[in-house]
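What follows is one structure encoded as structure tokens, with my remarks underneath.
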Amino acid sequence: MEEKMQKNKWLSFWADGMLSGLMIGIGGIVNLSCENRILGALLFSLGLFCIVQFQYGLYTGKVGYIIGRDRAYLAETFFTLLSNAVGAALTAGLVLLTRFANDTPVHGMDVALMGRAQTTMETKLGDSLLSSFILAIFCGILMFTAVDGHRRCAAKGNFIGGILLVVMPIMVFILSGFNHCVADLFYYFLAGCPDVLRALLYFPAVILGNMVGGILIPLLKRFSNHPL
């Protein structure tokens, strides 16, 4: 019975992580599909809103809480990252089976997903590792703000505040061009996995940067008179 419960627990982590990768991928699709960057960033936030509402598992949502947690939580967090990556990759793979793979304009608009995904990843992979790491830190800060802010608003029954604290940080990180490891994995697979060797350096830097950004607020608040 104990072994069965353990399997079910990890299966739950995997399923929730896959769903998060799927939702981030769908957010990436609509973001790439919008001519208006502000609208694209707004619609992308639907992915995280669904993740926090339905309690899916997202690496950048979990990693901010690793301070003081046991090894089991660390394993859960990085297992979630793996399932997020698989979910994002499968979503990109499914898109590549559609008419969008031929750069067919989206709904009659002059929007080509493949071209935009390739341009996005060329820019990101062409960046220095230090720059990629720092931009990922900023994203991690915003992701912790969104997830923890929504949690606190939900506890107080503040539904409107909870929505704003999800939408605004996500819009800021998208419009600013910060690096989110799961979103970037989706764009990378959608772009056809360019420059594999460079990607093997880029993604660890972004994963680490997202982690540093995620733990920065709870770490510094330990020294504050107003702890979390």
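Just remember, in the structure tokens the first chain shown is A, the second B, etc., residues are 1-based per chain, and ligands are 1-based in the order shown.
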Per residue of region 80-177 of chain A within 8 Å of region 13-17 of chain A, which atom pair is closest and at what distance in Å (one decimal), using only C-alpha atoms, listed by chain and increasing number, as a Markdown table?
| residue | atom | partner | partner_atom | distance |
| --- | --- | --- | --- | --- |
| A:Thr80 | CA | A:Gly17 | CA | 5.2 |
| A:Leu81 | CA | A:Gly17 | CA | 7.2 |
| A:Leu82 | CA | A:Gly17 | CA | 7.9 |
| A:Ser83 | CA | A:Gly17 | CA | 4.8 |
| A:Asn84 | CA | A:Gly17 | CA | 4.8 |
| A:Gly87 | CA | A:Gly17 | CA | 7.2 |
Would you kindly return, as a list in words, each protein, DNA or RNA residue with an atom no farther than 8 Å from any atom of region 189-193 of chain A, considering only C-alpha atoms and excluding same-chain residues fewer than 3 positions away?
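In the requested format, the answer is Ala89, Ala92, Gly93, Val95, Leu96, Met114, Gly115, Ala117, Gln118, Met121, Leu185, Phe186 and Val196 of chain A.
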Report the distance between CA of Tyr73 (chain A) and CA of Trp10 (chain A) in Å, rounded to one decimal place.
11.7 Å
Give me the residues near Phe133 (chain A) as a CSV table (one decimal) with N, CA and C atoms, in the first residue's frame, where near means some atom within 12 Å (using only C-alpha atoms) and where sequence neighbours in that chain fewer than 2 positions away do not count.
chain,number,residue,atom,x,y,z
A,124,LYS,N,17.8,34.8,-27.9
A,124,LYS,CA,18.1,34.3,-26.5
A,124,LYS,C,19.4,33.5,-26.5
A,125,LEU,N,19.6,32.6,-27.5
A,125,LEU,CA,20.8,31.8,-27.5
A,125,LEU,C,22.0,32.6,-27.9
A,127,ASP,N,22.6,35.5,-26.7
A,127,ASP,CA,23.0,36.4,-25.6
A,127,ASP,C,24.1,35.7,-24.8
A,128,SER,N,24.8,36.5,-24.0
A,128,SER,CA,25.8,36.0,-23.1
A,128,SER,C,25.2,35.2,-22.0
A,129,LEU,N,25.9,34.3,-21.4
A,129,LEU,CA,25.3,33.5,-20.3
A,129,LEU,C,25.0,34.3,-19.1
A,130,LEU,N,25.9,35.3,-18.8
A,130,LEU,CA,25.7,36.2,-17.7
A,130,LEU,C,24.4,37.0,-17.9
A,131,SER,N,24.2,37.5,-19.0
A,131,SER,CA,22.9,38.3,-19.3
A,131,SER,C,21.7,37.3,-19.2
A,135,LEU,N,18.7,38.0,-16.5
A,135,LEU,CA,17.3,38.1,-17.0
A,135,LEU,C,16.4,37.1,-16.5
A,136,ALA,N,17.0,35.9,-16.2
A,136,ALA,CA,16.2,34.8,-15.6
A,136,ALA,C,15.9,35.1,-14.1
A,137,ILE,N,16.8,35.8,-13.4
A,137,ILE,CA,16.6,36.1,-12.1
A,137,ILE,C,15.4,37.1,-12.0
A,138,PHE,N,15.4,38.1,-12.8
A,138,PHE,CA,14.2,39.0,-12.8
A,138,PHE,C,12.9,38.3,-13.0
A,139,CYS,N,12.9,37.3,-14.0
A,139,CYS,CA,11.7,36.5,-14.2
A,139,CYS,C,11.4,35.7,-13.0
A,140,GLY,N,12.3,35.1,-12.3
A,140,GLY,CA,12.1,34.3,-11.1
A,140,GLY,C,11.4,35.2,-10.0
A,178,PHE,N,12.3,39.0,-20.3
A,178,PHE,CA,13.0,38.1,-19.3
A,178,PHE,C,12.9,36.7,-19.7
A,179,ASN,N,13.8,35.9,-19.1
A,179,ASN,CA,13.9,34.5,-19.5
A,179,ASN,C,13.2,33.5,-18.5
A,180,HIS,N,12.2,32.8,-19.0
A,180,HIS,CA,11.5,31.8,-18.2
A,180,HIS,C,11.8,30.4,-18.8
A,181,CYS,N,12.4,29.5,-18.0
A,181,CYS,CA,12.9,28.3,-18.5
A,181,CYS,C,11.9,27.4,-19.3
A,201,LEU,N,24.1,25.1,-22.7
A,201,LEU,CA,24.7,26.1,-21.7
A,201,LEU,C,23.6,27.1,-21.3
A,202,TYR,N,22.8,27.5,-22.3
A,202,TYR,CA,21.7,28.5,-22.0
A,202,TYR,C,20.7,28.0,-21.0
A,203,PHE,N,20.1,26.8,-21.2
A,203,PHE,CA,19.0,26.4,-20.3
A,203,PHE,C,19.5,26.2,-18.8
A,204,PRO,N,20.6,25.6,-18.5
A,204,PRO,CA,21.0,25.5,-17.1
A,204,PRO,C,21.2,26.9,-16.5
A,205,ALA,N,21.7,27.9,-17.3
A,205,ALA,CA,21.8,29.2,-16.8
A,205,ALA,C,20.5,29.8,-16.4
A,206,VAL,N,19.5,29.6,-17.3
A,206,VAL,CA,18.2,30.2,-17.1
A,206,VAL,C,17.5,29.4,-15.9
A,207,ILE,N,17.6,28.1,-15.8
A,207,ILE,CA,17.0,27.4,-14.7
A,207,ILE,C,17.6,27.8,-13.4
A,208,LEU,N,18.9,28.0,-13.3
A,208,LEU,CA,19.5,28.5,-12.1
A,208,LEU,C,19.1,29.9,-11.8
A,209,GLY,N,19.0,30.8,-12.8
A,209,GLY,CA,18.6,32.2,-12.6
A,209,GLY,C,17.2,32.2,-12.1
A,210,ASN,N,16.3,31.4,-12.7
A,210,ASN,CA,14.9,31.4,-12.2
A,210,ASN,C,14.8,31.0,-10.7
A,211,MET,N,15.7,30.0,-10.3
A,211,MET,CA,15.8,29.6,-8.9
A,211,MET,C,16.2,30.7,-8.0
A,212,VAL,N,17.3,31.4,-8.4
A,212,VAL,CA,17.9,32.5,-7.6
A,212,VAL,C,16.8,33.6,-7.4
A,213,GLY,N,16.2,33.9,-8.5
A,213,GLY,CA,15.1,35.0,-8.5
A,213,GLY,C,14.0,34.5,-7.6
To test your reading of the structure, identify every residue in region 49-182 of chain A that backbone DSSP assigns to alpha helix (DSSP H), and report it as an mmCIF file with C-alpha atoms, in the first residue's frame.
data_model
loop_
_atom_site.group_PDB
_atom_site.id
_atom_site.type_symbol
_atom_site.label_atom_id
_atom_site.label_comp_id
_atom_site.auth_asym_id
_atom_site.auth_seq_id
_atom_site.Cartn_x
_atom_site.Cartn_y
_atom_site.Cartn_z
ATOM 1 C CA PHE A 49 -3.743 31.789 -14.018
ATOM 2 C CA CYS A 50 -4.953 28.276 -14.911
ATOM 3 C CA ILE A 51 -1.884 26.780 -13.231
ATOM 4 C CA VAL A 52 -2.538 28.491 -9.887
ATOM 5 C CA GLN A 53 -6.316 28.048 -10.048
ATOM 6 C CA PHE A 54 -6.231 24.338 -10.827
ATOM 7 C CA TYR A 59 8.984 24.701 -11.498
ATOM 8 C CA THR A 60 9.104 28.488 -11.228
ATOM 9 C CA GLY A 61 6.110 28.384 -8.903
ATOM 10 C CA LYS A 62 7.645 25.766 -6.589
ATOM 11 C CA ARG A 71 15.266 16.907 0.153
ATOM 12 C CA ALA A 72 11.888 15.425 -0.744
ATOM 13 C CA TYR A 73 10.629 18.885 -1.711
ATOM 14 C CA LEU A 74 13.787 19.538 -3.723
ATOM 15 C CA ALA A 75 13.232 16.268 -5.583
ATOM 16 C CA GLU A 76 9.604 17.223 -6.193
ATOM 17 C CA THR A 77 10.630 20.636 -7.550
ATOM 18 C CA PHE A 78 13.153 19.324 -10.065
ATOM 19 C CA PHE A 79 10.923 16.395 -11.008
ATOM 20 C CA THR A 80 8.287 19.016 -11.761
ATOM 21 C CA LEU A 81 10.772 20.841 -13.979
ATOM 22 C CA LEU A 82 11.342 17.645 -15.966
ATOM 23 C CA SER A 83 7.609 17.121 -16.453
ATOM 24 C CA ASN A 84 7.185 20.797 -17.401
ATOM 25 C CA ALA A 85 9.856 20.358 -20.083
ATOM 26 C CA VAL A 86 8.181 17.231 -21.473
ATOM 27 C CA GLY A 87 4.786 18.971 -21.489
ATOM 28 C CA ALA A 88 6.214 22.004 -23.277
ATOM 29 C CA ALA A 89 8.044 19.796 -25.801
ATOM 30 C CA LEU A 90 4.931 17.733 -26.550
ATOM 31 C CA THR A 91 2.884 20.890 -27.024
ATOM 32 C CA ALA A 92 5.452 22.234 -29.471
ATOM 33 C CA GLY A 93 5.506 18.866 -31.240
ATOM 34 C CA LEU A 94 1.741 18.930 -31.673
ATOM 35 C CA VAL A 95 1.869 22.448 -33.110
ATOM 36 C CA LEU A 113 4.616 31.213 -35.515
ATOM 37 C CA MET A 114 7.700 29.370 -36.710
ATOM 38 C CA GLY A 115 9.459 32.527 -37.825
ATOM 39 C CA ARG A 116 8.744 34.307 -34.582
ATOM 40 C CA ALA A 117 9.819 31.327 -32.485
ATOM 41 C CA GLN A 118 13.078 31.057 -34.421
ATOM 42 C CA THR A 119 13.780 34.782 -34.079
ATOM 43 C CA THR A 120 13.058 34.619 -30.349
ATOM 44 C CA MET A 121 15.447 31.733 -29.769
ATOM 45 C CA GLU A 122 18.163 33.184 -31.998
ATOM 46 C CA THR A 123 18.127 36.278 -29.790
ATOM 47 C CA LYS A 124 18.111 34.330 -26.539
ATOM 48 C CA LEU A 125 20.764 31.789 -27.527
ATOM 49 C CA LEU A 129 25.329 33.476 -20.285
ATOM 50 C CA LEU A 130 25.653 36.209 -17.673
ATOM 51 C CA SER A 131 22.944 38.253 -19.338
ATOM 52 C CA SER A 132 20.722 35.175 -19.689
ATOM 53 C CA PHE A 133 21.232 34.361 -16.006
ATOM 54 C CA ILE A 134 20.408 37.900 -14.825
ATOM 55 C CA LEU A 135 17.298 38.148 -17.007
ATOM 56 C CA ALA A 136 16.181 34.797 -15.588
ATOM 57 C CA ILE A 137 16.618 36.144 -12.052
ATOM 58 C CA PHE A 138 14.246 39.012 -12.841
ATOM 59 C CA CYS A 139 11.736 36.509 -14.201
ATOM 60 C CA GLY A 140 12.066 34.349 -11.078
ATOM 61 C CA ILE A 141 11.319 37.358 -8.867
ATOM 62 C CA LEU A 142 8.172 38.102 -10.842
ATOM 63 C CA MET A 143 7.056 34.472 -10.837
ATOM 64 C CA PHE A 144 7.363 34.224 -7.051
ATOM 65 C CA THR A 145 5.472 37.512 -6.738
ATOM 66 C CA ALA A 146 2.670 36.162 -8.941
ATOM 67 C CA VAL A 147 2.348 32.770 -7.248
ATOM 68 C CA ASP A 148 2.739 33.898 -3.638
ATOM 69 C CA GLY A 149 0.670 37.031 -4.201
ATOM 70 C CA HIS A 150 -2.177 34.989 -5.653
ATOM 71 C CA ARG A 151 -1.972 32.545 -2.743
ATOM 72 C CA ARG A 152 -2.205 35.337 -0.187
ATOM 73 C CA CYS A 153 -5.099 37.024 -1.968
ATOM 74 C CA ALA A 154 -6.954 33.712 -2.203
ATOM 75 C CA ALA A 155 -6.528 33.188 1.541
ATOM 76 C CA PHE A 159 -10.337 37.386 -6.022
ATOM 77 C CA ILE A 160 -9.683 40.601 -7.998
ATOM 78 C CA GLY A 161 -6.349 41.148 -6.291
ATOM 79 C CA GLY A 162 -5.439 37.540 -7.000
ATOM 80 C CA ILE A 163 -6.090 38.016 -10.714
ATOM 81 C CA LEU A 164 -4.040 41.217 -10.870
ATOM 82 C CA LEU A 165 -1.143 39.636 -9.004
ATOM 83 C CA VAL A 166 -1.002 36.878 -11.605
ATOM 84 C CA VAL A 167 -1.574 38.975 -14.709
ATOM 85 C CA MET A 168 0.658 41.983 -13.991
ATOM 86 C CA PRO A 169 3.941 40.163 -13.175
ATOM 87 C CA ILE A 170 3.484 37.857 -16.173
ATOM 88 C CA MET A 171 2.854 40.783 -18.512
ATOM 89 C CA VAL A 172 5.947 42.528 -17.150
ATOM 90 C CA PHE A 173 8.232 39.546 -17.719
ATOM 91 C CA ILE A 174 6.906 38.949 -21.237
ATOM 92 C CA LEU A 175 7.102 42.596 -22.313
ATOM 93 C CA SER A 176 10.549 42.980 -20.736
ATOM 94 C CA CYS A 181 12.949 28.270 -18.547
ATOM 95 C CA VAL A 182 9.691 26.466 -19.394
#
With distances taken over only C-alpha atoms, which of A:Thr98, A:Tyr56, A:Leu43, A:Gly126 is nearest to Pro194 (chain A)?
A:Gly126
Nearest to Ser45 (chain A), restricted to only C-alpha atoms and choosing among A:Leu19, A:Leu58, A:Leu228, A:Ile24, comes out as A:Ile24
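Checking A:Ile66, A:Ile38, A:Leu11, A:Ala183 one by one against Ile26 (chain A), counting only C-alpha atoms, you find the shortest gap at A:Ala183.
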Which residues are close to Leu32 (chain A), i.e. within 9 Å by only C-alpha atoms, leaving aside same-chain residues fewer than 2 positions away? Reply as a ChimeraX atom specification.
/A:27-30,34-35,37,40,111-114,116-117
Pull all heavy atoms from the residues just selected and write them as a short mmCIF file (atom, residue, chain, number, x, y, z; two decimals), in the first residue's frame.
data_model
loop_
_atom_site.label_atom_id
_atom_site.label_comp_id
_atom_site.auth_asym_id
_atom_site.auth_seq_id
_atom_site.Cartn_x
_atom_site.Cartn_y
_atom_site.Cartn_z
N GLY A 27 0.02 29.38 -23.85
CA GLY A 27 0.29 30.80 -23.67
C GLY A 27 1.33 31.31 -24.67
O GLY A 27 1.21 32.42 -25.20
N GLY A 28 2.35 30.49 -24.92
CA GLY A 28 3.36 30.86 -25.90
C GLY A 28 2.80 30.98 -27.31
O GLY A 28 3.18 31.88 -28.07
N ILE A 29 1.87 30.09 -27.66
CA ILE A 29 1.25 30.15 -28.98
C ILE A 29 0.51 31.46 -29.18
O ILE A 29 0.68 32.15 -30.19
CB ILE A 29 0.27 28.96 -29.18
CG1 ILE A 29 1.03 27.64 -29.22
CG2 ILE A 29 -0.53 29.13 -30.47
CD1 ILE A 29 0.13 26.42 -29.15
N VAL A 30 -0.32 31.82 -28.20
CA VAL A 30 -1.11 33.04 -28.37
C VAL A 30 -0.22 34.27 -28.31
O VAL A 30 -0.46 35.27 -29.00
CB VAL A 30 -2.25 33.11 -27.32
CG1 VAL A 30 -1.72 33.39 -25.92
CG2 VAL A 30 -3.28 34.17 -27.72
N CYS A 34 0.01 37.15 -31.57
CA CYS A 34 -0.53 38.51 -31.45
C CYS A 34 0.42 39.54 -32.04
O CYS A 34 1.60 39.60 -31.67
CB CYS A 34 -0.79 38.84 -29.98
SG CYS A 34 -2.20 37.98 -29.28
N GLU A 35 -0.10 40.37 -32.94
CA GLU A 35 0.68 41.48 -33.46
C GLU A 35 0.94 42.51 -32.36
O GLU A 35 1.99 43.13 -32.30
CB GLU A 35 -0.07 42.15 -34.62
CG GLU A 35 -0.23 41.28 -35.85
CD GLU A 35 1.05 41.19 -36.66
OE1 GLU A 35 2.09 41.70 -36.20
OE2 GLU A 35 1.01 40.59 -37.75
N ARG A 37 1.96 43.43 -28.82
CA ARG A 37 2.74 42.79 -27.77
C ARG A 37 2.04 42.83 -26.41
O ARG A 37 2.15 41.90 -25.61
CB ARG A 37 4.12 43.43 -27.65
CG ARG A 37 5.01 43.21 -28.87
CD ARG A 37 6.39 43.78 -28.64
NE ARG A 37 7.09 43.08 -27.58
CZ ARG A 37 7.60 43.68 -26.49
NH1 ARG A 37 7.47 44.98 -26.33
NH2 ARG A 37 8.22 42.96 -25.57
N GLY A 40 -0.61 40.21 -26.44
CA GLY A 40 0.02 38.89 -26.35
C GLY A 40 0.47 38.57 -24.94
O GLY A 40 0.29 37.45 -24.45
N VAL A 111 0.89 36.61 -39.44
CA VAL A 111 1.62 36.13 -38.28
C VAL A 111 2.09 34.71 -38.55
O VAL A 111 1.28 33.83 -38.83
CB VAL A 111 0.72 36.14 -37.01
CG1 VAL A 111 1.48 35.55 -35.84
CG2 VAL A 111 0.26 37.56 -36.69
N ALA A 112 3.38 34.48 -38.47
CA ALA A 112 3.96 33.16 -38.70
C ALA A 112 4.65 32.69 -37.43
O ALA A 112 5.65 33.26 -37.01
CB ALA A 112 4.94 33.22 -39.86
N LEU A 113 4.10 31.66 -36.80
CA LEU A 113 4.62 31.21 -35.51
C LEU A 113 6.06 30.73 -35.60
O LEU A 113 6.87 31.05 -34.74
CB LEU A 113 3.74 30.08 -34.97
CG LEU A 113 2.32 30.41 -34.53
CD1 LEU A 113 1.67 29.17 -33.95
CD2 LEU A 113 2.30 31.53 -33.53
N MET A 114 6.37 29.95 -36.62
CA MET A 114 7.70 29.37 -36.71
C MET A 114 8.77 30.46 -36.81
O MET A 114 9.79 30.41 -36.13
CB MET A 114 7.80 28.44 -37.92
CG MET A 114 6.85 27.26 -37.91
SD MET A 114 6.99 26.24 -36.43
CE MET A 114 5.40 26.61 -35.68
N ARG A 116 8.62 33.56 -35.83
CA ARG A 116 8.74 34.31 -34.58
C ARG A 116 9.45 33.48 -33.51
O ARG A 116 10.25 34.01 -32.74
CB ARG A 116 7.37 34.75 -34.09
CG ARG A 116 6.79 35.88 -34.93
CD ARG A 116 5.55 36.48 -34.31
NE ARG A 116 5.14 37.66 -35.06
CZ ARG A 116 4.11 38.43 -34.73
NH1 ARG A 116 3.37 38.13 -33.68
NH2 ARG A 116 3.80 39.48 -35.46
N ALA A 117 9.14 32.20 -33.45
CA ALA A 117 9.82 31.33 -32.48
C ALA A 117 11.32 31.25 -32.78
O ALA A 117 12.15 31.30 -31.86
CB ALA A 117 9.20 29.94 -32.51
#
Expressed in Å to a single decimal, how great is the separation between CA of Gly21 (chain A) and CA of Leu48 (chain A)?
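Taking CA of Gly21 (chain A) and CA of Leu48 (chain A), their separation equals 10.2 Å.
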